[in-house]
Structure formats: C-alpha cells, structure tokens
$ cat work_34.cif   # mmCIF, C-alpha atoms
data_input
loop_
_atom_site.label_atom_id
_atom_site.label_comp_id
_atom_site.auth_asym_id
_atom_site.auth_seq_id
_atom_site.Cartn_x
_atom_site.Cartn_y
_atom_site.Cartn_z
CA MET A 1 140.23 5.99 46.97
CA LEU A 2 139.53 4.25 43.65
CA ASP A 3 139.68 0.88 45.40
CA ALA A 4 136.97 2.03 47.80
CA ILE A 5 134.77 3.21 44.94
CA GLN A 6 135.35 -0.06 43.08
CA ALA A 7 134.38 -2.01 46.19
CA ALA A 8 131.13 -0.02 46.38
CA PHE A 9 130.31 -0.84 42.75
CA ALA A 10 131.16 -4.49 43.37
CA GLU A 11 128.50 -4.85 46.09
CA HIS A 12 125.85 -5.22 43.36
CA SER A 13 127.77 -5.79 40.11
CA ASP A 14 130.80 -7.36 38.51
CA VAL A 15 133.55 -4.81 37.81
CA LEU A 16 134.85 -6.01 34.45
CA HIS A 17 137.43 -3.31 33.84
CA ARG A 18 138.95 -0.17 35.34
CA SER A 19 141.25 2.40 33.79
CA GLU A 20 142.69 5.61 35.20
CA ASP A 21 144.71 8.52 33.86
CA PRO A 22 146.38 11.24 35.98
CA ASP A 23 146.51 13.78 33.13
CA HIS A 24 142.81 13.54 32.38
CA HIS A 25 142.31 12.97 36.14
CA ARG A 26 139.55 10.45 35.68
CA ALA A 27 138.86 6.76 36.09
CA VAL A 28 136.49 4.65 34.03
CA PHE A 29 134.76 1.56 35.46
CA MET A 30 132.93 -0.99 33.34
CA LEU A 31 130.23 -2.84 35.30
CA ALA A 32 127.97 -5.74 34.44
CA ALA A 33 124.83 -6.71 36.33
CA PRO A 34 121.34 -8.01 35.53
CA PRO A 35 118.34 -5.66 35.40
CA GLY A 36 117.25 -4.70 38.89
CA ARG A 37 120.78 -4.76 40.30
CA LEU A 38 122.82 -2.40 38.15
CA HIS A 39 121.04 0.70 39.43
CA ARG A 40 121.93 -0.30 43.01
CA ALA A 41 125.59 -0.61 42.04
CA LEU A 42 125.59 2.82 40.43
CA ALA A 43 123.95 4.41 43.48
CA ARG A 44 126.50 2.82 45.84
CA GLY A 45 129.33 3.98 43.60
CA ALA A 46 127.93 7.51 43.43
CA ALA A 47 127.72 7.71 47.22
CA SER A 48 131.27 6.40 47.60
CA ALA A 49 132.64 8.81 44.98
CA ALA A 50 130.90 11.72 46.72
CA GLU A 51 132.52 10.65 49.98
CA HIS A 52 136.05 10.24 48.64
CA ILE A 53 136.39 12.88 45.90
CA ASP A 54 136.49 16.66 46.33
CA LEU A 55 135.90 18.44 43.01
CA ARG A 56 137.33 21.64 44.47
CA ARG A 57 140.75 19.95 44.32
CA HIS A 58 140.30 18.59 40.80
CA ASP A 59 142.94 19.70 38.31
CA GLY A 60 142.52 17.30 35.38
CA LEU A 61 142.00 18.12 31.72
CA HIS A 62 138.83 16.15 31.16
CA PRO A 63 135.50 18.04 31.35
CA ARG A 64 133.41 17.01 34.36
CA VAL A 65 130.59 18.11 36.67
CA GLY A 66 130.66 15.41 39.33
CA ALA A 67 132.69 13.01 41.43
CA LEU A 68 130.76 10.27 39.62
CA ASP A 69 130.54 12.34 36.48
CA VAL A 70 128.57 10.10 34.12
CA ALA A 71 126.70 6.86 34.78
CA PRO A 72 125.39 5.57 31.44
CA VAL A 73 123.51 2.30 31.17
CA VAL A 74 124.89 0.77 27.98
CA TYR A 75 123.06 -1.69 25.73
CA LEU A 76 124.83 -3.70 23.04
CA ASP A 77 121.73 -4.75 21.08
CA ASP A 78 118.78 -2.59 20.09
CA ALA A 79 116.49 -5.27 21.53
CA ASP A 80 117.81 -4.35 24.99
CA ARG A 81 117.17 -0.62 24.60
CA GLY A 82 113.91 -0.62 26.58
CA ALA A 83 115.44 -2.51 29.50
CA ALA A 84 118.42 -0.13 29.51
CA ILE A 85 116.14 2.90 29.62
CA ALA A 86 114.21 1.43 32.55
CA GLU A 87 117.43 0.63 34.44
CA ALA A 88 118.84 4.11 33.73
CA LEU A 89 115.75 5.75 35.21
CA LEU A 90 115.98 3.49 38.25
CA ALA A 91 119.66 4.47 38.55
CA ALA A 92 118.84 8.17 38.31
CA ASP A 93 116.26 7.82 41.07
CA ALA A 94 118.59 5.74 43.29
CA ILE A 95 121.57 8.09 42.83
CA GLY A 96 119.32 11.03 43.65
CA ALA A 97 118.06 9.24 46.76
CA ALA A 98 121.72 8.78 47.79
CA GLY A 99 122.03 12.57 47.94
CA VAL A 100 123.60 13.34 44.54
CA PRO A 101 121.67 15.52 42.05
CA VAL A 102 121.12 13.81 38.71
CA PHE A 103 120.72 15.29 35.24
CA LEU A 104 119.53 13.11 32.37
CA TYR A 105 121.11 13.44 28.95
CA GLY A 106 120.79 11.91 25.50
CA GLU A 107 117.58 10.15 24.58
CA LEU A 108 116.24 10.43 28.14
CA ALA A 109 116.43 14.24 27.97
CA GLY A 110 115.30 15.04 24.45
CA GLY A 111 118.83 14.87 23.06
CA ARG A 112 120.48 17.16 25.61
CA THR A 113 124.22 16.45 25.53
CA ARG A 114 126.88 15.94 28.16
CA ALA A 115 128.71 18.92 26.68
CA GLU A 116 125.74 21.22 27.35
CA LEU A 117 125.64 20.19 30.99
CA ARG A 118 129.42 20.22 31.44
CA SER A 119 129.93 23.66 29.90
CA GLY A 120 131.65 25.78 32.51
CA GLY A 121 132.24 22.83 34.85
CA PRO A 122 130.59 22.10 38.20
CA GLU A 123 130.73 25.76 39.25
CA ARG A 124 128.69 26.87 36.25
CA LEU A 125 126.22 24.02 36.69
CA ALA A 126 125.76 24.91 40.37
CA ALA A 127 125.17 28.56 39.43
CA ARG A 128 122.58 27.62 36.80
CA VAL A 129 120.72 25.54 39.37
CA ALA A 130 120.95 28.27 42.02
CA ASN A 131 119.61 30.82 39.52
CA ARG A 132 116.78 28.44 38.56
CA GLU A 133 117.93 28.26 34.96
CA LEU A 134 118.14 24.49 35.29
CA ALA A 135 116.86 21.91 37.77
CA PRO A 136 118.09 18.39 38.51
CA ASP A 137 115.85 15.63 37.23
CA TYR A 138 116.37 13.61 40.44
CA GLY A 139 117.81 14.18 43.88
CA PRO A 140 118.66 17.39 45.75
CA LEU A 141 117.72 20.71 44.15
CA HIS A 142 121.22 22.12 44.64
CA VAL A 143 124.70 21.10 43.49
CA ASP A 144 127.23 20.53 46.26
CA PRO A 145 130.63 22.01 45.29
CA GLN A 146 132.49 18.99 46.64
CA ALA A 147 130.56 16.14 44.99
CA GLY A 148 128.85 17.92 42.09
CA ALA A 149 126.25 16.06 40.05
CA THR A 150 125.93 12.85 38.05
CA LEU A 151 124.79 12.64 34.42
CA VAL A 152 122.72 9.57 33.52
CA ALA A 153 121.73 8.14 30.13
CA ALA A 154 120.85 4.92 28.33
CA ARG A 155 122.90 4.50 25.17
CA PRO A 156 124.90 2.18 22.92
CA PRO A 157 128.65 1.91 23.60
CA LEU A 158 130.62 5.13 23.38
CA ILE A 159 134.18 4.79 22.10
CA ALA A 160 136.59 6.95 24.13
CA PHE A 161 139.55 7.17 21.82
CA ASN A 162 142.72 9.30 22.01
CA LEU A 163 145.30 9.95 19.30
CA VAL A 164 148.82 11.11 20.16
CA LEU A 165 150.19 13.44 17.48
CA ALA A 166 153.73 12.90 16.26
CA PRO A 167 156.18 15.58 17.44
CA PRO A 168 156.97 18.30 16.76
CA VAL A 169 153.44 19.65 17.12
CA SER A 170 151.72 22.43 19.05
CA LEU A 171 148.62 22.43 21.22
CA GLU A 172 147.11 24.95 18.79
CA THR A 173 147.46 22.42 15.97
CA ALA A 174 145.72 19.72 18.02
CA ARG A 175 142.89 22.10 18.88
CA ALA A 176 142.49 23.10 15.24
CA ILE A 177 142.34 19.45 14.15
CA ALA A 178 139.80 18.66 16.88
CA ALA A 179 137.63 21.57 15.76
CA ARG A 180 137.70 20.33 12.15
CA ILE A 181 136.91 16.66 12.77
CA ARG A 182 134.22 17.00 15.45
CA GLU A 183 130.63 16.75 14.28
CA SER A 184 130.18 20.51 13.95
CA GLY A 185 133.51 21.05 12.16
CA SER A 186 134.37 21.65 8.52
CA ASP A 187 135.51 18.00 8.14
CA GLY A 188 132.98 16.84 10.71
CA LEU A 189 132.40 13.18 11.43
CA PRO A 190 128.86 12.40 12.62
CA GLY A 191 128.57 11.83 16.35
CA VAL A 192 132.25 12.59 17.03
CA ARG A 193 133.31 14.89 19.88
CA ALA A 194 136.94 16.04 19.98
CA LEU A 195 139.33 18.15 22.06
CA GLY A 196 142.98 19.10 21.60
CA LEU A 197 144.95 18.54 24.82
CA HIS A 198 148.48 18.78 26.22
CA LEU A 199 149.29 15.98 28.67
CA GLU A 200 151.85 17.63 30.93
CA ARG A 201 153.06 14.53 32.80
CA GLN A 202 153.84 12.73 29.55
CA ASP A 203 154.54 15.90 27.53
CA LEU A 204 152.32 14.72 24.69
CA ILE A 205 149.91 16.52 22.39
CA GLN A 206 146.70 14.58 21.95
CA VAL A 207 143.43 14.73 20.06
CA SER A 208 140.94 13.22 22.49
CA THR A 209 137.71 11.97 20.93
CA ASN A 210 134.42 10.27 21.71
CA ILE A 211 132.70 8.26 18.99
CA GLU A 212 128.97 8.30 19.76
CA ASP A 213 127.92 5.69 17.16
CA HIS A 214 130.58 3.17 16.13
CA ARG A 215 128.22 1.71 13.54
CA SER A 216 128.52 4.86 11.41
CA VAL A 217 132.04 5.99 12.38
CA ARG A 218 134.81 3.58 13.35
CA ALA A 219 138.13 4.24 15.02
CA ARG A 220 139.91 3.96 11.67
CA ASP A 221 137.73 6.78 10.27
CA VAL A 222 138.80 9.13 13.07
CA LEU A 223 142.44 8.15 12.53
CA ALA A 224 142.17 8.91 8.81
CA ALA A 225 140.51 12.28 9.48
CA VAL A 226 143.27 13.31 11.91
CA GLU A 227 146.07 12.06 9.66
CA ARG A 228 144.84 14.28 6.85
CA HIS A 229 146.18 17.15 8.96
CA HIS A 230 149.05 15.68 11.02
CA PRO A 231 150.78 12.29 11.51
CA VAL A 232 149.63 10.15 14.44
CA ALA A 233 152.31 8.48 16.57
CA ARG A 234 149.95 6.09 18.37
CA ALA A 235 146.41 5.78 19.68
CA GLU A 236 144.66 4.41 22.75
CA LEU A 237 141.23 3.27 23.85
CA VAL A 238 140.26 4.53 27.28
CA ALA A 239 137.79 1.71 27.95
CA PRO A 240 136.67 -1.56 26.36
CA ALA A 241 134.98 -1.20 22.97
CA PRO A 242 133.00 -3.55 20.71
CA GLU A 243 135.08 -5.48 18.19
CA ALA A 244 133.20 -3.83 15.33
CA ALA A 245 134.43 -0.38 16.37
CA LEU A 246 138.02 -1.48 15.69
CA ALA A 247 137.47 -3.18 12.34
CA GLY A 248 140.00 -2.19 9.70
CA TRP A 249 142.48 -0.56 12.06
CA PRO A 250 145.81 -0.27 10.20
CA PRO A 251 148.50 -2.44 11.83
CA ALA A 252 151.14 0.22 11.10
CA VAL A 253 149.68 2.49 13.80
CA ARG A 254 150.08 1.30 17.39
CA LEU A 255 146.79 0.99 19.26
CA ASP A 256 146.92 0.52 23.04
CA MET A 257 143.67 -1.05 24.18
CA PRO A 258 142.04 -3.13 26.90
CA PRO A 259 140.16 -6.35 26.00
CA THR A 260 137.08 -5.84 23.84
CA ILE A 261 133.63 -5.85 25.42
CA GLU A 262 132.92 -9.26 23.87
CA ALA A 263 136.10 -10.72 25.39
CA LEU A 264 135.25 -9.39 28.85
CA LEU A 265 131.68 -10.70 28.73
CA ASP A 266 132.91 -14.15 27.67
CA ARG A 267 135.11 -14.53 30.75
#
$ encode --input "work_34.cif" --output "structure tokens"
Amino acid sequence: MLDAIQAAFAEHSDVLHRSEDPDHHRAVFMLAAPPGRLHRALARGAASAAEHIDLRRHDGLHPRVGALDVAPVVYLDDADRGAAIAEALLAADAIGAAGVPVFLYGELAGGRTRAELRSGGPERLAARVANRELAPDYGPLHVDPQAGATLVAARPPLIAFNLVLAPPVSLETARAIAARIRESGSDGLPGVRALGLHLERQDLIQVSTNIEDHRSVRARDVLAAVERHHPVARAELVAPAPEAALAGWPPAVRLDMPPTIEALLDR
C-alpha cells in the first residue's frame, strides 16, 4: 500500500525520505520538486491514498482526518515563502479536483490550526460539513468516511519529535507533562504541540511533540522542559529536520533520527 502511494508521489517528484510507525499508524513522505510540479505529485498521492486507505479501519494513536492527512508545502528560506504559498494553493486545487475535500490551515486560513480541524477526527469533521458549520476550501462539499479530507498549508519546517520517558512511568504522567509544556500550558513553549501516548506494541510511554518554529524553540529546549518533570530514556525525529533544529542536543541522550534536510538535498 505505502509502496503504491510512494510510486504515485514519484510520478512528479523525488521522494527523499519515508518513515512509518504502526503505533501512530501513519507514514511521512518527504518530497522535493520544482514549482509547478510539486502540486501534481501531491494530487497523485492524495488520489492513491484515497484508493488504498480506509479510515474506517484506522486504529492508530495519531490524530488524523484523512488518508492523506496533511500536505504542507515547506519552504526553508523566507525568500521562498511566496512561491510556497502559490504552490500550496495549486496543490489544494489539484487535490480537490482529484475528488478529495481540502481544508486550508495556518497562514492560508487566517491561522486556523490542524488541531482545530482534527478535533473529533474524520467523523466529527464530516458532521460539521454535513451540518454546514464548515465547508471545504476546495473539492467536494462532503467528506467521504473512507478517504476523509486533506489539510494543506505553506509553512517552514515542522519538527515532529517524540520523547520516550524512562520507566517506571504512567500514561497519566506523560499526559500531564504534555499539557504543561505545550504552548497553552503552565510551562508552555511557544509553537509547541504535545500529547502523552502509550505505544502498545513497544510498551513505551511517550511525549509526542511538534515544534512549529525551530528558530525560537529547538529540540534541546523541549527535552529540557520534559526532563524538569521526568527523565527521558531516548528521543526520535519522525522526519528529516534542519540542522539548526538539533543544535546543542546533549550527547548523553540518544536521538534516533533520519538524515537532516540539508543532507538529503545535497544528495
């Protein structure tokens, strides 16, 4: 299934990296393509994901609303922001034309977040659309229960970063730590989203985070915030990150990671 989706992406882009996790029940693809091609790759991937994935059978921990859940167009330099916005809007239109409803988020939607759209999962999103509380920005005006919807944005790199807490520890502890360190928490880090999770297959307790702006908060800052409450056994990056996001990481804490974005682009 994932090979078929990767092949669809590869028709119009280079697939630089792929990761997958059965506990979170998600896969992350990193694509590279020039302006005018990337949106075609995202539309082909969205159609393939809709064909091969049935959300009604999804049992993973990670929040989601679609088979191709998010399709952000990422820019590394502020000078490329305008081009990324244009490509993201082309992608939203092309994914919608492929039969998948699209909702914009972030800067393209006045700051609306993924969390707002994902709240309650695909069932809740479908109900909001059916009740005319919300309408897709592109594509069909209903949300199919099998394929769901795709969320599209233009943004700088997001650092998907998980920390495994040292045992013994409870899920309640992880959730309490996540609540404290996320942006809205009492020890909140700006632009940080966090969840406390139990990974059943590995029997691990994890604080799963997203760092929205690695220029203001780095991975080491999240580690320090978590370790104020509980020791961290190890950490992992879900997808490639810029080198700057990892600056100052303490060598005493194991960090499992793919190549950096810079290393992949230099290949």
$ resolve_selection --input "work_34.cif" --expression "the PyMOL selection byres ((chain A and resi 250-266) around 10)" --output "count of residues only"
33
$ residues_near_point --input "work_34.cif" --point "(150.5, 17.3, 18.2)" --cutoff "9 Å" --atoms "all atoms listed in the file" --output "ChimeraX atom specification"
/A:164-174,196-198,204-207,230-232
$ resolve_selection --input "work_34.cif" --expression "the PyMOL selection byres ((chain A and resi 187) around 12)" --output "ChimeraX atom specification"
/A:176-186,188-190,192,221-222,224-226,228-229
$ closest_residue --input "work_34.cif" --among "A:Ala46, A:Ala88, A:Leu61, A:Ile53" --to "Glu200 of chain A" --atoms "all atoms listed in the file"
A:Leu61
$ resolve_selection --input "work_34.cif" --expression "the PyMOL selection byres ((chain A and resi 117-125) around 10)" --output "compact mmCIF listing (two decimals) with C-alpha atoms, in the frame of the given file"
# COMPACT_ATOMS: atom_id res chain seq x y z
CA LEU A 55 135.90 18.44 43.01
CA ARG A 56 137.33 21.64 44.47
CA PRO A 63 135.50 18.04 31.35
CA ARG A 64 133.41 17.01 34.36
CA VAL A 65 130.59 18.11 36.67
CA GLY A 66 130.66 15.41 39.33
CA ALA A 67 132.69 13.01 41.43
CA ASP A 69 130.54 12.34 36.48
CA PHE A 103 120.72 15.29 35.24
CA LEU A 104 119.53 13.11 32.37
CA TYR A 105 121.11 13.44 28.95
CA ARG A 112 120.48 17.16 25.61
CA THR A 113 124.22 16.45 25.53
CA ARG A 114 126.88 15.94 28.16
CA ALA A 115 128.71 18.92 26.68
CA GLU A 116 125.74 21.22 27.35
CA ALA A 126 125.76 24.91 40.37
CA ALA A 127 125.17 28.56 39.43
CA ARG A 128 122.58 27.62 36.80
CA VAL A 129 120.72 25.54 39.37
CA ALA A 130 120.95 28.27 42.02
CA ASN A 131 119.61 30.82 39.52
CA GLU A 133 117.93 28.26 34.96
CA LEU A 134 118.14 24.49 35.29
CA ALA A 135 116.86 21.91 37.77
CA HIS A 142 121.22 22.12 44.64
CA VAL A 143 124.70 21.10 43.49
CA ASP A 144 127.23 20.53 46.26
CA PRO A 145 130.63 22.01 45.29
CA GLN A 146 132.49 18.99 46.64
CA ALA A 147 130.56 16.14 44.99
CA GLY A 148 128.85 17.92 42.09
CA ALA A 149 126.25 16.06 40.05
CA LEU A 151 124.79 12.64 34.42
$ atom_distance --input "work_34.cif" --atom1 "atom CA of Ala154 of chain A" --atom2 "atom CA of Arg81 of chain A"
7.6 Å
$ residues_around --input "work_34.cif" --residues "Pro136 of chain A" --least-positions-apart "4" --cutoff "7 Å" --atoms "only C-alpha atoms" --output "list in words"
Pro101, Val102, Phe103 and Leu141 of chain A
$ axis_aligned_box --input "work_34.cif" --around "segment 102-110 of chain A" --padding-each-side "4 Å" --output "JSON"
{"center_x": 118.2, "center_y": 12.7, "center_z": 31.6, "size_x": 13.8, "size_y": 13.1, "size_z": 22.3}
$ atom_distance --input "work_34.cif" --atom1 "atom CA of Arg155 of chain A" --atom2 "atom CA of Pro72 of chain A"
6.8 Å
$ residues_around --input "work_34.cif" --residues "Ile95 of chain A" --least-positions-apart "3" --cutoff "9 Å" --atoms "only C-alpha atoms" --output "list in words"
His39, Arg40, Leu42, Ala43, Arg44, Gly45, Ala46, Ala47, Leu90, Ala91, Ala92, Ala98, Gly99, Val100, Pro101, Val102, Tyr138, Gly139 and Thr150 of chain A
$ atom_distance --input "work_34.cif" --atom1 "atom CA of Glu51 of chain A" --atom2 "atom CA of Met1 of chain A"
9.5 Å
$ closest_residue --input "work_34.cif" --among "A:Ala49, A:Ala83, A:His24, A:Pro140" --to "Ser208 of chain A" --atoms "all atoms listed in the file"
A:His24
$ closest_residue --input "work_34.cif" --among "A:Val74, A:Gly106, A:Leu2, A:Glu212" --to "Ala50 of chain A" --atoms "only C-alpha atoms"
A:Leu2
$ residues_around --input "work_34.cif" --residues "Pro22 of chain A" --least-positions-apart "2" --cutoff "10 Å" --atoms "all atoms listed in the file" --output "list in words"
Glu20, His24, His25, Arg26, Ala27, Asp59, Gly60, Leu61, Leu199, Glu200, Arg201 and Gln202 of chain A
$ residues_around --input "work_34.cif" --residues "Ile211 of chain A" --least-positions-apart "2" --cutoff "8 Å" --atoms "all atoms listed in the file" --output "list in words"
Leu158, Ile159, Ala160, Phe161, Gly191, Val192, Arg193, Thr209, Asp213, His214, Val217, Arg218 and Ala219 of chain A
